$ cat input27.cif   # mmCIF, C-alpha atoms
data_structure
loop_
_atom_site.label_atom_id
_atom_site.label_comp_id
_atom_site.auth_asym_id
_atom_site.auth_seq_id
_atom_site.Cartn_x
_atom_site.Cartn_y
_atom_site.Cartn_z
CA MET G 22 -92.78 11.92 49.28
CA GLN G 23 -90.54 14.92 48.48
CA THR G 24 -92.04 18.35 48.22
CA ARG G 25 -91.48 20.50 45.15
CA ARG G 26 -89.12 22.72 47.17
CA GLU G 27 -87.03 19.70 48.24
CA ILE G 28 -86.78 18.45 44.67
CA LEU G 29 -85.61 21.86 43.44
CA ARG G 30 -83.11 22.15 46.29
CA GLY G 31 -81.71 18.74 45.35
CA ALA G 32 -81.40 19.73 41.69
CA VAL G 33 -79.43 22.85 42.59
CA THR G 34 -77.10 20.83 44.83
CA ALA G 35 -76.54 18.26 42.08
CA ALA G 36 -75.77 20.97 39.54
CA ALA G 37 -73.25 22.55 41.88
CA SER G 38 -71.49 19.22 42.34
CA LEU G 39 -71.02 18.95 38.57
CA SER G 40 -69.34 22.33 38.22
CA VAL G 41 -65.89 22.37 36.63
CA PRO G 42 -63.05 24.24 38.38
CA GLY G 43 -62.01 27.38 36.50
CA VAL G 44 -65.34 27.83 34.72
CA VAL G 45 -67.60 30.77 35.50
CA MET G 46 -71.30 30.55 34.57
CA THR G 47 -72.73 33.97 33.75
CA THR G 48 -76.01 33.07 32.00
CA ALA G 49 -77.42 29.96 30.34
CA SER G 50 -75.79 30.93 27.06
CA HIS G 51 -72.66 32.69 28.37
CA THR G 52 -70.05 30.28 29.74
CA LEU G 53 -66.55 31.60 30.34
CA ALA G 54 -63.35 29.97 31.54
CA ASP G 55 -60.45 31.74 33.17
CA ASP G 56 -57.63 30.60 30.84
CA SER G 57 -56.67 32.69 27.81
CA LYS G 58 -57.48 30.36 24.90
CA ALA G 59 -61.06 31.04 23.88
CA VAL G 60 -61.54 28.55 21.04
CA ARG G 61 -62.22 25.00 22.25
CA ASN G 62 -64.41 23.37 19.60
CA GLY G 63 -63.03 25.14 16.54
CA ARG G 64 -66.01 24.34 14.33
CA VAL G 65 -66.34 28.04 13.49
CA LYS G 66 -63.49 30.07 11.98
CA GLN G 67 -63.49 33.37 13.86
CA SER G 68 -61.90 36.66 12.89
CA ILE G 69 -61.17 39.98 14.64
CA VAL G 70 -62.38 43.04 12.71
CA PHE G 71 -59.45 45.43 12.91
CA TRP G 72 -61.22 48.80 12.84
CA CYS G 73 -63.25 48.06 15.98
CA PHE G 74 -60.12 47.76 18.10
CA ASN G 75 -57.87 50.17 16.22
CA ALA G 76 -60.10 53.21 15.72
CA ARG G 77 -61.54 53.55 19.21
CA GLY G 78 -60.68 52.99 22.86
CA GLU G 79 -57.22 51.53 23.36
CA LYS G 80 -56.45 51.70 19.62
CA TRP G 81 -54.61 48.43 19.22
CA ASP G 82 -51.99 48.42 16.49
CA VAL G 83 -51.57 45.51 14.08
CA GLU G 84 -49.03 43.68 16.24
CA LYS G 85 -51.28 43.88 19.29
CA THR G 86 -54.33 42.73 17.34
CA CYS G 87 -52.41 39.79 15.87
CA ALA G 88 -51.15 38.80 19.33
CA VAL G 89 -54.70 38.84 20.69
CA ALA G 90 -55.99 36.80 17.74
CA LYS G 91 -53.31 34.17 18.37
CA GLU G 92 -54.00 34.15 22.11
CA LEU G 93 -57.72 33.62 21.62
CA GLY G 94 -57.37 31.06 18.83
CA CYS G 95 -58.75 33.20 15.98
CA PRO G 96 -57.06 32.51 12.62
CA SER G 97 -57.83 35.90 11.05
CA VAL G 98 -57.70 39.68 11.41
CA GLU G 99 -59.96 41.27 8.79
CA ILE G 100 -60.88 44.47 6.99
CA ILE G 101 -57.24 45.41 7.07
CA GLY G 102 -55.23 46.62 4.09
CA PRO G 103 -52.55 44.77 2.09
CA GLU G 104 -49.81 46.84 3.72
CA HIS G 105 -50.41 44.79 6.89
CA TRP G 106 -50.81 41.31 5.41
CA ASP G 107 -47.14 40.43 5.84
CA THR G 108 -47.53 41.09 9.56
CA LEU G 109 -50.54 38.79 9.68
CA LYS G 110 -48.58 36.12 7.82
CA LYS G 111 -45.70 36.46 10.27
CA HIS G 112 -48.12 35.58 13.07
CA GLY G 113 -49.58 32.66 11.12
CA LEU G 114 -52.83 34.52 10.46
CA THR G 115 -54.85 35.41 7.39
CA CYS G 116 -57.17 38.25 6.40
CA ALA G 117 -60.64 36.71 6.02
CA ILE G 118 -62.04 39.67 4.09
CA ALA G 119 -60.31 42.77 2.73
CA PRO G 120 -61.58 46.35 2.48
CA ASN G 121 -62.76 47.39 -0.97
CA GLY G 122 -60.25 50.20 -1.40
CA MET G 123 -62.78 53.03 -1.60
CA PRO G 124 -61.69 56.09 0.43
CA GLY G 125 -63.48 57.63 3.40
CA ALA G 126 -66.71 55.92 4.38
CA PRO G 127 -66.81 53.25 1.64
CA PHE G 128 -70.42 52.23 2.33
CA MET G 129 -71.65 55.63 1.09
CA ARG G 130 -70.44 55.30 -2.52
CA GLY G 131 -71.64 51.97 -3.86
CA PHE G 132 -72.97 50.31 -6.98
CA ASN G 133 -76.47 51.80 -6.71
CA ASN G 134 -75.08 55.01 -8.22
CA PRO G 135 -73.53 54.81 -11.73
CA ALA G 136 -71.41 57.85 -10.88
CA PHE G 137 -69.30 55.59 -8.66
CA HIS G 138 -69.13 52.51 -10.86
CA ALA G 139 -65.79 53.31 -12.47
CA GLU G 140 -64.09 54.09 -9.16
CA ASN G 141 -65.54 51.01 -7.46
CA LEU G 142 -64.50 48.77 -10.33
CA GLU G 143 -60.99 50.21 -10.39
CA ARG G 144 -60.34 50.24 -6.65
CA THR G 145 -62.11 47.00 -5.80
CA GLY G 146 -60.60 45.38 -8.88
CA LYS G 147 -57.14 46.30 -7.61
CA MET G 148 -57.99 44.88 -4.19
CA ILE G 149 -59.19 41.67 -5.85
CA ASP G 150 -55.78 41.41 -7.55
CA ASP G 151 -54.02 41.89 -4.21
CA CYS G 152 -56.28 39.31 -2.56
CA ALA G 153 -55.60 36.75 -5.28
CA ALA G 154 -51.85 37.22 -4.94
CA ALA G 155 -51.96 36.87 -1.13
CA LYS G 156 -54.62 34.12 -1.04
CA VAL G 157 -57.08 36.36 0.79
CA PRO G 158 -60.49 34.80 0.02
CA SER G 159 -62.86 37.79 0.03
CA VAL G 160 -63.28 41.52 -0.37
CA ILE G 161 -66.14 43.63 1.00
CA SER G 162 -68.44 45.80 -1.12
CA PHE G 163 -71.51 48.00 -0.61
CA PHE G 164 -74.78 49.02 -2.22
CA GLY G 165 -74.32 52.73 -1.41
CA TYR G 166 -76.40 55.64 -0.11
CA LYS G 167 -79.68 56.51 -1.81
CA TRP G 168 -78.86 60.19 -2.37
CA PRO G 169 -77.21 61.12 -5.71
CA ASN G 170 -74.78 63.17 -3.64
CA PRO G 171 -74.15 60.79 -0.70
CA ASP G 172 -73.08 63.69 1.52
CA ASP G 173 -76.29 65.64 0.92
CA PRO G 174 -79.67 64.12 1.88
CA LYS G 175 -81.34 67.03 0.08
CA SER G 176 -79.88 66.02 -3.28
CA GLY G 177 -82.82 63.74 -4.05
CA THR G 178 -83.26 59.97 -3.99
CA ILE G 179 -82.23 57.29 -6.45
CA PRO G 180 -85.44 55.30 -7.15
CA GLN G 181 -85.31 51.78 -5.75
CA ASP G 182 -85.82 50.08 -9.12
CA GLU G 183 -83.03 52.14 -10.66
CA ALA G 184 -80.77 51.33 -7.73
CA PHE G 185 -81.48 47.63 -8.23
CA THR G 186 -80.65 47.79 -11.94
CA ASN G 187 -77.50 49.85 -11.29
CA CYS G 188 -76.26 47.40 -8.64
CA VAL G 189 -76.83 44.40 -10.88
CA LYS G 190 -75.00 46.04 -13.77
CA GLY G 191 -71.99 47.15 -11.75
CA LEU G 192 -71.66 43.94 -9.75
CA LYS G 193 -71.94 41.79 -12.89
CA GLU G 194 -68.96 43.65 -14.32
CA LEU G 195 -67.02 43.24 -11.08
CA ALA G 196 -67.99 39.56 -10.98
CA ARG G 197 -66.18 38.86 -14.23
CA HIS G 198 -62.91 40.01 -12.72
CA ALA G 199 -63.57 38.28 -9.38
CA GLU G 200 -64.31 34.99 -11.16
CA LYS G 201 -61.04 35.14 -13.08
CA LYS G 202 -59.09 35.78 -9.88
CA GLY G 203 -60.97 33.33 -7.64
CA VAL G 204 -61.89 35.99 -5.06
CA THR G 205 -65.38 36.42 -3.58
CA VAL G 206 -67.00 39.86 -3.30
CA CYS G 207 -69.30 40.07 -0.24
CA VAL G 208 -71.85 42.89 -0.45
CA GLU G 209 -73.10 44.05 2.94
CA HIS G 210 -76.63 44.68 4.19
CA LEU G 211 -76.64 47.56 6.73
CA ASN G 212 -79.25 49.02 9.07
CA THR G 213 -80.71 52.51 8.62
CA ARG G 214 -82.59 52.67 11.94
CA ASP G 215 -79.76 53.63 14.31
CA GLY G 216 -78.63 57.20 13.73
CA SER G 217 -76.86 57.57 17.07
CA ASP G 218 -73.36 56.91 15.75
CA PRO G 219 -71.90 56.78 12.21
CA MET G 220 -70.74 53.21 12.79
CA LYS G 221 -73.84 51.88 14.56
CA GLY G 222 -76.27 52.59 11.75
CA HIS G 223 -76.35 54.18 8.31
CA PRO G 224 -79.47 56.27 7.62
CA GLY G 225 -79.65 56.68 3.85
CA TYR G 226 -78.07 53.35 2.92
CA GLN G 227 -80.00 51.81 0.05
CA GLY G 228 -79.15 48.21 0.95
CA ASP G 229 -81.07 48.17 4.22
CA ASP G 230 -83.73 45.69 3.06
CA LEU G 231 -82.54 42.10 2.94
CA GLU G 232 -84.96 41.25 0.13
CA PHE G 233 -83.43 44.00 -2.02
CA CYS G 234 -79.91 42.78 -1.24
CA THR G 235 -80.58 39.13 -1.91
CA GLY G 236 -82.55 40.02 -5.04
CA VAL G 237 -79.59 41.91 -6.48
CA ILE G 238 -77.12 39.14 -5.64
CA ARG G 239 -79.32 36.42 -7.11
CA LYS G 240 -79.90 38.51 -10.25
CA VAL G 241 -76.14 38.91 -10.70
CA GLY G 242 -75.98 35.12 -10.53
CA SER G 243 -72.25 34.75 -9.92
CA PRO G 244 -70.64 32.33 -7.44
CA ARG G 245 -68.20 35.15 -6.68
CA ILE G 246 -70.82 37.71 -5.59
CA LYS G 247 -72.19 36.86 -2.15
CA LEU G 248 -74.01 38.43 0.81
CA LEU G 249 -72.23 39.70 3.88
CA PHE G 250 -74.76 38.62 6.51
CA ASP G 251 -74.21 40.98 9.44
CA ILE G 252 -76.19 39.54 12.36
CA TYR G 253 -76.30 42.92 14.11
CA HIS G 254 -77.73 44.79 11.10
CA VAL G 255 -80.16 42.04 10.09
CA GLN G 256 -81.52 41.82 13.64
CA ILE G 257 -82.15 45.57 13.76
CA MET G 258 -83.87 45.72 10.37
CA HIS G 259 -85.70 42.41 10.30
CA GLY G 260 -85.12 40.06 13.25
CA ASP G 261 -86.14 36.44 12.62
CA LEU G 262 -82.46 35.61 12.26
CA ILE G 263 -82.61 31.83 12.09
CA ARG G 264 -85.22 31.86 9.35
CA ARG G 265 -83.26 34.57 7.49
CA ILE G 266 -80.16 32.38 7.54
CA GLU G 267 -82.16 29.48 6.14
CA GLU G 268 -83.54 31.70 3.36
CA THR G 269 -80.13 33.09 2.37
CA LYS G 270 -77.89 30.07 3.05
CA ASP G 271 -76.96 29.67 -0.62
CA ILE G 272 -75.54 33.20 -0.94
CA ILE G 273 -73.95 33.93 2.45
CA GLY G 274 -70.27 34.64 1.89
CA HIS G 275 -69.25 36.18 5.21
CA VAL G 276 -70.76 36.88 8.64
CA HIS G 277 -70.32 39.68 11.19
CA THR G 278 -71.43 39.91 14.82
CA ALA G 279 -72.22 42.61 17.40
CA GLY G 280 -74.55 43.04 20.34
CA VAL G 281 -78.03 44.43 19.70
CA PRO G 282 -78.82 47.19 20.41
CA GLY G 283 -75.78 49.44 20.60
CA ARG G 284 -73.20 47.38 18.69
CA GLY G 285 -71.45 46.51 21.93
CA GLU G 286 -70.20 43.24 23.34
CA LEU G 287 -71.94 39.90 22.90
CA ASP G 288 -73.00 39.76 26.53
CA GLU G 289 -76.06 39.51 28.75
CA ASN G 290 -76.98 43.14 28.00
CA GLN G 291 -77.95 42.42 24.38
CA GLU G 292 -80.79 40.49 22.78
CA VAL G 293 -79.34 38.05 20.24
CA ASN G 294 -79.03 34.38 21.20
CA TYR G 295 -75.67 33.98 19.51
CA PRO G 296 -75.09 30.26 20.21
CA ALA G 297 -78.39 29.41 18.50
CA VAL G 298 -77.62 31.66 15.52
CA ILE G 299 -74.12 30.25 15.06
CA LYS G 300 -75.45 26.69 15.35
CA LYS G 301 -77.88 27.51 12.56
CA LEU G 302 -75.04 28.73 10.35
CA LEU G 303 -73.27 25.42 10.90
CA ALA G 304 -76.50 23.50 10.28
CA VAL G 305 -76.95 25.07 6.84
CA GLY G 306 -73.38 24.21 5.91
CA TYR G 307 -71.70 27.61 6.30
CA THR G 308 -67.92 27.14 6.34
CA GLY G 309 -66.75 30.74 6.06
CA TYR G 310 -65.53 33.15 8.72
CA VAL G 311 -67.44 34.87 11.52
CA GLY G 312 -65.96 38.32 12.15
CA GLN G 313 -66.27 39.85 15.62
CA GLU G 314 -67.27 43.44 14.76
CA PHE G 315 -68.53 44.97 17.98
CA ILE G 316 -67.45 48.35 19.40
CA PRO G 317 -65.92 47.77 22.87
CA THR G 318 -67.54 49.53 25.81
CA ARG G 319 -65.23 47.96 28.42
CA ASP G 320 -61.97 46.02 28.46
CA PRO G 321 -61.65 44.97 24.78
CA LEU G 322 -59.69 41.79 25.46
CA GLU G 323 -62.26 40.50 27.94
CA GLY G 324 -65.08 41.42 25.57
CA LEU G 325 -63.42 39.58 22.70
CA LYS G 326 -62.72 36.55 24.84
CA GLN G 327 -66.37 36.37 25.83
CA ALA G 328 -67.57 36.82 22.24
CA VAL G 329 -65.24 34.21 20.80
CA ARG G 330 -66.25 31.63 23.42
CA LEU G 331 -69.92 32.36 22.91
CA CYS G 332 -69.61 31.70 19.16
CA ASP G 333 -67.40 28.63 19.59
CA VAL G 334 -70.37 26.25 19.61
#
$ encode --input "input27.cif" --output "structure tokens"
Amino acid sequence: MQTRREILRGAVTAAASLSVPGVVMTTASHTLADDSKAVRNGRVKQSIVFWCFNARGEKWDVEKTCAVAKELGCPSVEIIGPEHWDTLKKHGLTCAIAPNGMPGAPFMRGFNNPAFHAENLERTGKMIDDCAAAKVPSVISFFGYKWPNPDDPKSGTIPQDEAFTNCVKGLKELARHAEKKGVTVCVEHLNTRDGSDPMKGHPGYQGDDLEFCTGVIRKVGSPRIKLLFDIYHVQIMHGDLIRRIEETKDIIGHVHTAGVPGRGELDENQEVNYPAVIKKLLAVGYTGYVGQEFIPTRDPLEGLKQAVRLCDV
């Protein structure tokens, strides 16, 4: 009779004999291959979020980002303005979701504050027109910071019930235009816990509670107002990702990724089981895009390749 040690030794030997040349196993959920094309299954439409690779590190330009997207098998480069859409088209790519047109840090001045309704409606309305003309499916939007003066935390706080009412009112008005144009507005939930970097967390953001966000969107009641489910932000604020996807499956319009904590690569140094989360999205019938929105801490191409393969379930 074999001992337990002999059985285990045999299992390891058998596993080694089944290995495929050119494939490197890093962890149980991180399998990489050494060729450039990252997408094999193609059940998930993946997108590269432009600002992550343009604003920091190597600062890829549009041409470089498009070339990488094509190399990896991603059909989209997103959160990139209309002035670059012809370049995307030249490379056979699309923009999965457009910026909302608000200047500066657009997440600060949202629909929770009536003082910014007119500007949001004008600028986002113009972006909706551009999206409709270019067949870009979605535009991003935000709930806004809780301070009446978003740049001054000492300016007071907009009460949560007022913020809810303000968001519903403003988004209902925007929805009328979005419905006419056939473009979806995706309003993003963001975390307020990480204050280490202005792009890793957003202390003061009034849409940090998923129940608040989904409540507003359901109250608006438009098929053109959806939730941007950012896996990174939801994990930091709430966790329980698979159940959260089940609960919000009817209103998810777009998805973003990043490693938790730190908003780095989707590697063995972060806590989210991305294959399981992406499989859940597919299981609930999600057919939209998954945007890779992590901030590179090492070679950006290798990080993207790893992330795209991990999500290609």
$ residues_around --input "input27.cif" --residues "segment 282-296 of chain G" --least-positions-apart "2" --cutoff "9 Å" --atoms "only C-alpha atoms" --output "number ranges by chain"
G: 47-48, 50-51, 215, 217, 220-221, 252-253, 256-257, 262, 278-280, 298-301, 314-319, 321, 324-325, 327-328, 331-334
$ resolve_selection --input "input27.cif" --expression "the PyMOL selection byres ((chain G and resi 208-211) around 6)" --output "ChimeraX atom specification"
/G:161-163,207,212,228-229,248-249,254
$ resolve_selection --input "input27.cif" --expression "the PyMOL selection byres ((chain G and resi 140) around 12)" --output "PyMOL selection string"
chain G and resi 121-124+127+130-132+134-139+141-147+191+195
$ resolve_selection --input "input27.cif" --expression "the PyMOL selection byres ((chain G and resi 73-89) around 12)" --output "PyMOL selection string"
chain G and resi 57-59+68-72+90-102+104-116+220-221+277-279+284-286+312-326+329
$ closest_residue --input "input27.cif" --among "G:Met148, G:Met129, G:Ala304, G:Ala297" --to "Pro174 of chain G" --atoms "all atoms listed in the file"
G:Met129
$ closest_residue --input "input27.cif" --among "G:Val204, G:Tyr226, G:Lys66, G:Ala117" --to "Trp168 of chain G" --atoms "only C-alpha atoms"
G:Tyr226
$ atom_distance --input "input27.cif" --atom1 "atom CA of Pro244 of chain G" --atom2 "atom CA of Leu192 of chain G"
11.9 Å
$ axis_aligned_box --input "input27.cif" --around "segment 143-155 of chain G" --padding-each-side "8 Å" --output "AutoDock Vina command-line options"
--center_x -57.0 --center_y 43.5 --center_z -5.8 --size_x 26.3 --size_y 29.5 --size_z 25.3
